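Asker: One file: structure-v4.cif (mmCIF, C-alpha atoms and all ligand atoms).
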data_run
#
loop_
_atom_site.label_atom_id
_atom_site.label_comp_id
_atom_site.auth_asym_id
_atom_site.auth_seq_id
_atom_site.Cartn_x
_atom_site.Cartn_y
_atom_site.Cartn_z
CA MET A 125 0.00 0.00 0.00
CA LYS A 126 1.33 3.43 -0.90
CA LEU A 127 -0.06 6.18 1.32
CA LEU A 128 0.17 9.95 1.22
CA PHE A 129 -0.31 12.06 4.33
CA ILE A 130 -1.49 15.60 3.71
CA GLY A 131 -2.35 18.28 6.26
CA PRO A 132 -1.45 21.77 7.39
CA GLN A 133 1.46 22.51 9.70
CA GLY A 134 0.68 21.30 13.20
CA SER A 135 -2.06 18.91 12.07
CA GLY A 136 -0.05 16.00 13.45
CA LYS A 137 0.52 14.48 10.02
CA GLY A 138 4.19 13.70 10.76
CA THR A 139 3.33 12.17 14.13
CA GLN A 140 0.54 10.06 12.65
CA ALA A 141 2.61 9.01 9.63
CA ALA A 142 5.36 7.81 12.02
CA ILE A 143 2.87 5.83 14.17
CA ILE A 144 1.13 4.22 11.18
CA SER A 145 4.51 3.40 9.62
CA LYS A 146 5.37 1.32 12.73
CA GLU A 147 1.90 -0.23 12.99
CA LEU A 148 1.80 -1.27 9.33
CA ASN A 149 5.55 -1.89 9.05
CA MET A 150 6.07 0.38 6.06
CA PRO A 151 8.86 2.93 5.57
CA HIS A 152 7.98 6.53 6.41
CA ILE A 153 9.47 9.13 4.11
CA SER A 154 9.13 12.68 5.41
CA THR A 155 10.73 15.20 3.05
CA GLY A 156 10.94 17.76 5.88
CA ASP A 157 12.82 15.29 8.16
CA LEU A 158 14.95 14.25 5.22
CA PHE A 159 15.98 17.84 4.47
CA ARG A 160 16.65 18.56 8.16
CA SER A 161 18.95 15.52 8.36
CA ILE A 162 21.15 16.69 5.47
CA LYS A 163 24.63 17.90 6.39
CA GLY A 164 27.39 19.36 4.23
CA GLU A 165 27.19 21.83 1.41
CA LEU A 166 23.48 21.37 0.65
CA LYS A 167 22.49 22.23 4.24
CA GLN A 168 22.95 25.96 3.85
CA GLU A 169 20.90 26.05 0.66
CA LEU A 170 18.09 23.98 2.17
CA ASP A 171 18.08 26.09 5.36
CA SER A 172 17.74 29.28 3.35
CA TYR A 173 14.38 28.07 2.03
CA MET A 174 13.15 26.19 5.06
CA ASN A 175 13.94 28.76 7.75
CA SER A 176 11.90 31.42 5.96
CA GLY A 177 8.98 29.03 5.40
CA LYS A 178 9.46 28.81 1.61
CA LEU A 179 9.31 25.63 -0.44
CA VAL A 180 12.52 23.96 -1.57
CA PRO A 181 12.63 24.07 -5.42
CA ASP A 182 11.21 20.98 -7.11
CA GLU A 183 14.48 19.90 -8.84
CA LEU A 184 16.28 19.77 -5.49
CA VAL A 185 13.35 17.99 -3.78
CA ILE A 186 13.24 15.32 -6.48
CA LYS A 187 17.03 14.81 -6.48
CA ILE A 188 17.16 14.25 -2.69
CA LEU A 189 13.96 12.18 -2.62
CA LYS A 190 15.12 9.84 -5.41
CA GLN A 191 18.39 9.23 -3.58
CA ARG A 192 16.51 8.39 -0.37
CA ILE A 193 13.96 6.11 -2.04
CA SER A 194 16.73 4.14 -3.76
CA GLN A 195 18.08 3.19 -0.29
CA LEU A 196 14.75 1.91 1.02
CA ASP A 197 13.08 -1.46 1.07
CA TYR A 198 9.56 -0.49 0.02
CA LYS A 199 8.20 -3.79 -1.26
CA LYS A 200 5.33 -3.51 1.24
CA GLY A 201 4.68 0.08 0.16
CA PHE A 202 5.55 3.35 1.83
CA ILE A 203 4.16 6.41 3.52
CA LEU A 204 4.93 9.78 1.97
CA ASP A 205 4.66 12.74 4.34
CA GLY A 206 5.27 16.26 3.05
CA PHE A 207 5.49 15.22 -0.59
CA PRO A 208 3.89 16.06 -2.98
CA ARG A 209 3.32 19.64 -1.86
CA THR A 210 2.52 21.27 -5.19
CA ILE A 211 0.52 20.29 -8.28
CA ASN A 212 3.78 19.97 -10.19
CA GLN A 213 5.19 17.56 -7.58
CA ALA A 214 1.96 15.53 -7.78
CA TYR A 215 2.46 15.19 -11.56
CA LEU A 216 6.12 14.23 -11.07
CA LEU A 217 5.09 11.57 -8.55
CA LYS A 218 2.45 10.23 -10.93
CA LYS A 219 5.20 9.59 -13.49
CA ILE A 220 7.16 7.50 -10.96
CA THR A 221 4.42 5.57 -9.16
CA ASN A 222 0.72 5.35 -8.32
CA ILE A 223 -0.74 6.09 -4.87
CA ASP A 224 -3.38 3.93 -3.18
CA LYS A 225 -4.80 6.19 -0.48
CA VAL A 226 -4.46 9.75 0.72
CA ILE A 227 -4.94 10.67 4.39
CA ASP A 228 -6.02 14.30 4.64
CA ILE A 229 -5.73 15.53 8.24
CA GLU A 230 -7.87 18.64 8.60
CA LEU A 231 -7.19 21.43 11.08
CA ASP A 232 -8.10 25.13 11.19
CA ASP A 233 -5.32 27.74 11.01
CA GLU A 234 -5.89 29.06 14.54
CA THR A 235 -5.37 25.63 16.13
CA SER A 236 -2.47 25.01 13.78
CA ILE A 237 -0.67 28.18 14.90
CA LYS A 238 -1.37 27.43 18.58
CA ARG A 239 0.07 23.93 18.27
CA ILE A 240 3.16 25.04 16.35
CA SER A 241 3.97 27.74 18.90
CA GLY A 242 4.32 25.00 21.56
CA ARG A 243 6.13 22.45 19.43
CA VAL A 244 9.56 21.20 20.56
CA THR A 245 11.72 18.29 19.41
CA CYS A 246 14.43 16.29 21.16
CA GLU A 247 17.80 17.30 19.71
CA LYS A 248 19.10 13.76 20.21
CA CYS A 249 16.35 11.21 19.46
CA LYS A 250 14.06 13.60 17.46
CA VAL A 251 10.90 12.69 19.40
CA GLY A 252 8.32 15.50 19.28
CA TYR A 253 6.49 17.14 22.20
CA ASN A 254 4.20 20.10 22.71
CA LEU A 255 4.53 22.53 25.63
CA ILE A 256 0.98 23.90 25.11
CA THR A 257 -1.14 20.99 23.90
CA GLU A 258 0.03 17.36 23.96
CA PRO A 259 2.12 15.25 24.30
CA LYS A 260 3.68 17.37 27.08
CA PRO A 261 7.17 16.40 28.29
CA LYS A 262 7.59 15.90 32.06
CA ASN A 263 10.31 18.54 32.03
CA PRO A 264 9.87 21.36 29.44
CA LYS A 265 13.62 21.39 28.74
CA PHE A 266 14.49 17.71 28.42
CA CYS A 267 13.28 14.61 26.59
CA ASP A 268 11.33 12.03 28.68
CA ILE A 269 12.96 9.19 26.77
CA CYS A 270 16.67 10.04 26.38
CA ASN A 271 17.05 13.24 28.44
CA GLY A 272 18.25 15.08 25.31
CA LYS A 273 17.71 18.84 25.08
CA LEU A 274 14.31 19.96 23.70
CA ILE A 275 14.64 22.52 20.93
CA LYS A 276 12.31 24.55 18.69
CA ARG A 277 12.53 24.12 14.93
CA ALA A 278 14.07 27.15 13.21
CA ASP A 279 11.01 27.45 10.94
CA ASP A 280 8.50 27.30 13.81
CA ASN A 281 8.67 31.09 14.27
CA PRO A 282 5.46 33.17 13.71
CA LYS A 283 6.61 34.73 10.41
CA ALA A 284 7.66 31.43 8.81
CA VAL A 285 4.53 29.67 10.13
CA ARG A 286 2.26 32.26 8.48
CA LYS A 287 4.18 31.83 5.22
CA ARG A 288 3.98 28.01 5.45
CA LEU A 289 0.22 28.06 6.06
CA GLU A 290 -0.26 30.48 3.17
CA ILE A 291 1.71 28.14 0.88
CA TYR A 292 -0.25 25.16 2.22
CA HIS A 293 -3.61 26.69 1.25
CA LYS A 294 -2.39 28.04 -2.08
CA GLU A 295 -0.11 25.28 -3.34
CA THR A 296 -0.74 22.08 -1.39
CA GLU A 297 -4.50 21.96 -0.75
CA PRO A 298 -5.37 22.09 -4.49
CA ILE A 299 -3.58 18.78 -5.05
CA LEU A 300 -6.37 17.09 -3.09
CA ASN A 301 -8.48 17.56 -6.22
CA GLU A 302 -6.11 15.21 -8.02
CA TYR A 303 -6.66 12.53 -5.38
CA LYS A 304 -10.37 13.09 -4.63
CA HIS A 305 -11.34 9.46 -5.23
CA LEU A 306 -8.54 8.18 -2.95
CA THR A 307 -8.89 10.62 -0.08
CA ILE A 308 -9.80 9.76 3.50
CA LYS A 309 -10.64 12.84 5.56
CA ILE A 310 -9.58 12.84 9.20
CA ASN A 311 -10.47 15.32 11.95
CA GLY A 312 -7.08 16.56 13.21
CA ASP A 313 -8.57 18.32 16.23
CA GLN A 314 -8.55 15.27 18.50
CA HIS A 315 -6.17 13.46 20.84
CA ILE A 316 -3.25 11.72 19.04
CA ASP A 317 -4.58 8.24 19.96
CA ASN A 318 -8.06 9.02 18.59
CA ILE A 319 -6.66 10.34 15.32
CA ASN A 320 -4.64 7.15 15.00
CA LYS A 321 -7.75 5.00 15.66
CA GLU A 322 -9.78 6.98 13.12
CA ILE A 323 -7.06 6.54 10.47
CA LEU A 324 -6.77 2.78 11.04
CA LYS A 325 -10.56 2.32 11.03
CA LYS A 326 -11.08 4.34 7.85
CA LEU A 327 -8.12 2.64 6.11
CA LYS A 328 -9.80 -0.73 6.74
CA GLU A 329 -13.23 0.48 5.56
CA PHE A 330 -12.05 2.40 2.51
P1 LIG B 1 7.76 19.89 7.11
O1 LIG B 1 8.67 19.19 8.08
O2 LIG B 1 6.95 18.93 6.29
O3 LIG B 1 6.92 20.95 7.78
O4 LIG B 1 8.71 20.65 6.06
C1 LIG B 1 9.58 21.65 6.49
C2 LIG B 1 10.07 22.47 5.30
O5 LIG B 1 10.79 21.62 4.39
C3 LIG B 1 9.00 23.12 4.45
O6 LIG B 1 8.51 24.35 4.98
C4 LIG B 1 9.76 23.31 3.13
O7 LIG B 1 10.67 24.39 3.22
C5 LIG B 1 10.59 22.04 3.05
N1 LIG B 1 9.88 20.95 2.34
C6 LIG B 1 9.46 19.76 2.85
N2 LIG B 1 8.87 19.01 1.91
C7 LIG B 1 8.89 19.75 0.76
C8 LIG B 1 8.43 19.53 -0.56
N3 LIG B 1 7.80 18.40 -0.91
N4 LIG B 1 8.64 20.51 -1.48
C9 LIG B 1 9.27 21.64 -1.16
N5 LIG B 1 9.73 21.93 0.07
C10 LIG B 1 9.54 20.99 1.03
#
Could you take the file, read its structure, and then write that structure out as structure tokens?

Answerer:
Amino acid sequence: MKLLFIGPQGSGKGTQAAIISKELNMPHISTGDLFRSIKGELKQELDSYMNSGKLVPDELVIKILKQRISQLDYKKGFILDGFPRTINQAYLLKKITNIDKVIDIELDDETSIKRISGRVTCEKCKVGYNLITEPKPKNPKFCDICNGKLIKRADDNPKAVRKRLEIYHKETEPILNEYKHLTIKINGDQHIDNINKEILKKLKEF
């Protein structure tokens, strides 16, 4: 099964994609995580787009994504999270492979912004927490699991978040039209466990 996860910033799409990837034993490819993990000469170029909330140009996205996919065992399928993000990327993906189902996690902008303002990630093991909503860490500075330092993403600042949401509505949301017949709509304004249950239930029914 090849799944796409789509949703605005803060909708929990990355969290849910990671959980479902473990539950269904399929690789999870997050282009955002992939770009954040890149070191060396490309890092500066990627950061210049990401830190201001802009999209990375398609040619660069495709180059990095192809490299990553070639290293994966995806016989059982895969979960794409954060790609495609534009109509053009959806067309490029169509040329490479088909998609079976699209999980569209819906959330209003106000809740999105509130969630993002509390979002922190462990510097060491990359687990995500939220200081305002959930999951809250026991100590706001350190990871519950590995005691690593909790840090804010560079692009989780108010200016970049506004830009990212604007791009989401303008460039990403329209691609749902391309996948209308494959789309499962999920209410993102629920507890993480309930969103997960809703996704699993609807995946079985659909
Ligand atoms: P995310 O972790 O999905 O919120 O992505 C963080 C940032 O990475 C985005 O704001 C973009 O700058 C960049 N990015 C991730 N995926 C893509 C993509 N498919 N196309 C262009 N830029 C992307």

Asker: Hey, which residues sit close to ligand LIG 1 (chain B)? Say within 9 Å, counting only C-alpha atoms and all ligand atoms, and write them as an MDAnalysis selection string.

Answerer: chainID A and resid 132:134 137:138 154:160 170:182 184:186 189 205:210 213 279:280 284:285 287:288 291

Asker: Could you take the residues named above and write them with C-alpha atoms, as a PDB file, keeping the file's coordinate frame?

Answerer:
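For reference, result-v4.pdb as written:
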ATOM      1  CA  PRO A 132      -1.450  21.770   7.390  1.00  0.00           C
ATOM      2  CA  GLN A 133       1.460  22.510   9.700  1.00  0.00           C
ATOM      3  CA  GLY A 134       0.680  21.300  13.200  1.00  0.00           C
ATOM      4  CA  LYS A 137       0.520  14.480  10.020  1.00  0.00           C
ATOM      5  CA  GLY A 138       4.190  13.700  10.760  1.00  0.00           C
ATOM      6  CA  SER A 154       9.130  12.680   5.410  1.00  0.00           C
ATOM      7  CA  THR A 155      10.730  15.200   3.050  1.00  0.00           C
ATOM      8  CA  GLY A 156      10.940  17.760   5.880  1.00  0.00           C
ATOM      9  CA  ASP A 157      12.820  15.290   8.160  1.00  0.00           C
ATOM     10  CA  LEU A 158      14.950  14.250   5.220  1.00  0.00           C
ATOM     11  CA  PHE A 159      15.980  17.840   4.470  1.00  0.00           C
ATOM     12  CA  ARG A 160      16.650  18.560   8.160  1.00  0.00           C
ATOM     13  CA  LEU A 170      18.090  23.980   2.170  1.00  0.00           C
ATOM     14  CA  ASP A 171      18.080  26.090   5.360  1.00  0.00           C
ATOM     15  CA  SER A 172      17.740  29.280   3.350  1.00  0.00           C
ATOM     16  CA  TYR A 173      14.380  28.070   2.030  1.00  0.00           C
ATOM     17  CA  MET A 174      13.150  26.190   5.060  1.00  0.00           C
ATOM     18  CA  ASN A 175      13.940  28.760   7.750  1.00  0.00           C
ATOM     19  CA  SER A 176      11.900  31.420   5.960  1.00  0.00           C
ATOM     20  CA  GLY A 177       8.980  29.030   5.400  1.00  0.00           C
ATOM     21  CA  LYS A 178       9.460  28.810   1.610  1.00  0.00           C
ATOM     22  CA  LEU A 179       9.310  25.630  -0.440  1.00  0.00           C
ATOM     23  CA  VAL A 180      12.520  23.960  -1.570  1.00  0.00           C
ATOM     24  CA  PRO A 181      12.630  24.070  -5.420  1.00  0.00           C
ATOM     25  CA  ASP A 182      11.210  20.980  -7.110  1.00  0.00           C
ATOM     26  CA  LEU A 184      16.280  19.770  -5.490  1.00  0.00           C
ATOM     27  CA  VAL A 185      13.350  17.990  -3.780  1.00  0.00           C
ATOM     28  CA  ILE A 186      13.240  15.320  -6.480  1.00  0.00           C
ATOM     29  CA  LEU A 189      13.960  12.180  -2.620  1.00  0.00           C
ATOM     30  CA  ASP A 205       4.660  12.740   4.340  1.00  0.00           C
ATOM     31  CA  GLY A 206       5.270  16.260   3.050  1.00  0.00           C
ATOM     32  CA  PHE A 207       5.490  15.220  -0.590  1.00  0.00           C
ATOM     33  CA  PRO A 208       3.890  16.060  -2.980  1.00  0.00           C
ATOM     34  CA  ARG A 209       3.320  19.640  -1.860  1.00  0.00           C
ATOM     35  CA  THR A 210       2.520  21.270  -5.190  1.00  0.00           C
ATOM     36  CA  GLN A 213       5.190  17.560  -7.580  1.00  0.00           C
ATOM     37  CA  ASP A 279      11.010  27.450  10.940  1.00  0.00           C
ATOM     38  CA  ASP A 280       8.500  27.300  13.810  1.00  0.00           C
ATOM     39  CA  ALA A 284       7.660  31.430   8.810  1.00  0.00           C
ATOM     40  CA  VAL A 285       4.530  29.670  10.130  1.00  0.00           C
ATOM     41  CA  LYS A 287       4.180  31.830   5.220  1.00  0.00           C
ATOM     42  CA  ARG A 288       3.980  28.010   5.450  1.00  0.00           C
ATOM     43  CA  ILE A 291       1.710  28.140   0.880  1.00  0.00           C
TER      44      ILE A 291
END

Asker: When you draw a straight line from CA of Gly312 (chain A) to CA of Leu300 (chain A), how long is it in Å?

Answerer: 16.3 Å

Asker: So how many Å separate CA of Val226 (chain A) and CA of Leu306 (chain A), to one decimal?

Answerer: 5.7 Å

Asker: Rank A:Glu290, A:Glu183, A:Asp197, A:Glu165 by their smallest atom-to-atom distance to Asn149 (chain A), using only C-alpha atoms, and report the top residue only.

Answerer: A:Asp197

Asker: Quick one: pull the distance between CA of Asp233 (chain A) and CA of Glu297 (chain A), Å, one decimal.

Answerer: 13.1 Å

Asker: So, counting only C-alpha atoms, which residue among A:Thr296, A:Thr245, A:Ser236, A:Thr257 is closest to Asn271 (chain A)?

Answerer: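 Once distances to Asn271 (chain A) are computed over only C-alpha atoms, the minimum belongs to A:Thr245.
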
Asker: When distances are computed from all atoms listed in the file, which of A:Lys294, A:Leu274, A:Lys262, A:Ile319 shows the smallest separation from Cys246 (chain A)?

Answerer: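 Of all the options, A:Leu274 lies closest to Cys246 (chain A).
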
Asker: Using only C-alpha atoms, which of A:Lys273, A:Lys238, A:Lys309, A:Lys325 sits nearest Gly252 (chain A)?

Answerer: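 The shortest atom-to-atom distance to Gly252 (chain A) comes from A:Lys273.
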
Asker: List the spatial neighbours of Tyr303 (chain A) as a ChimeraX atom specification - criterion: any atom at most 10 Å away, all atoms listed in the file, same-chain residues fewer than 4 positions off excluded.

Answerer: /A:128,214,223-226,298-299,307-308

Asker: Which residue is closest to Leu127 (chain A)? Choose from A:Leu327, A:Lys218, A:Asp313, A:Gln168 and count all atoms listed in the file.

Answerer: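 Looking only at the distances to Leu127 (chain A), the closest residue turns out to be A:Leu327.
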
Asker: Quick one: of A:Arg243, A:His293, A:Lys199, A:Lys167, who's nearest to Ile275 (chain A), counting all atoms listed in the file?

Answerer: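 Result for the nearest residue to Ile275 (chain A): A:Arg243.
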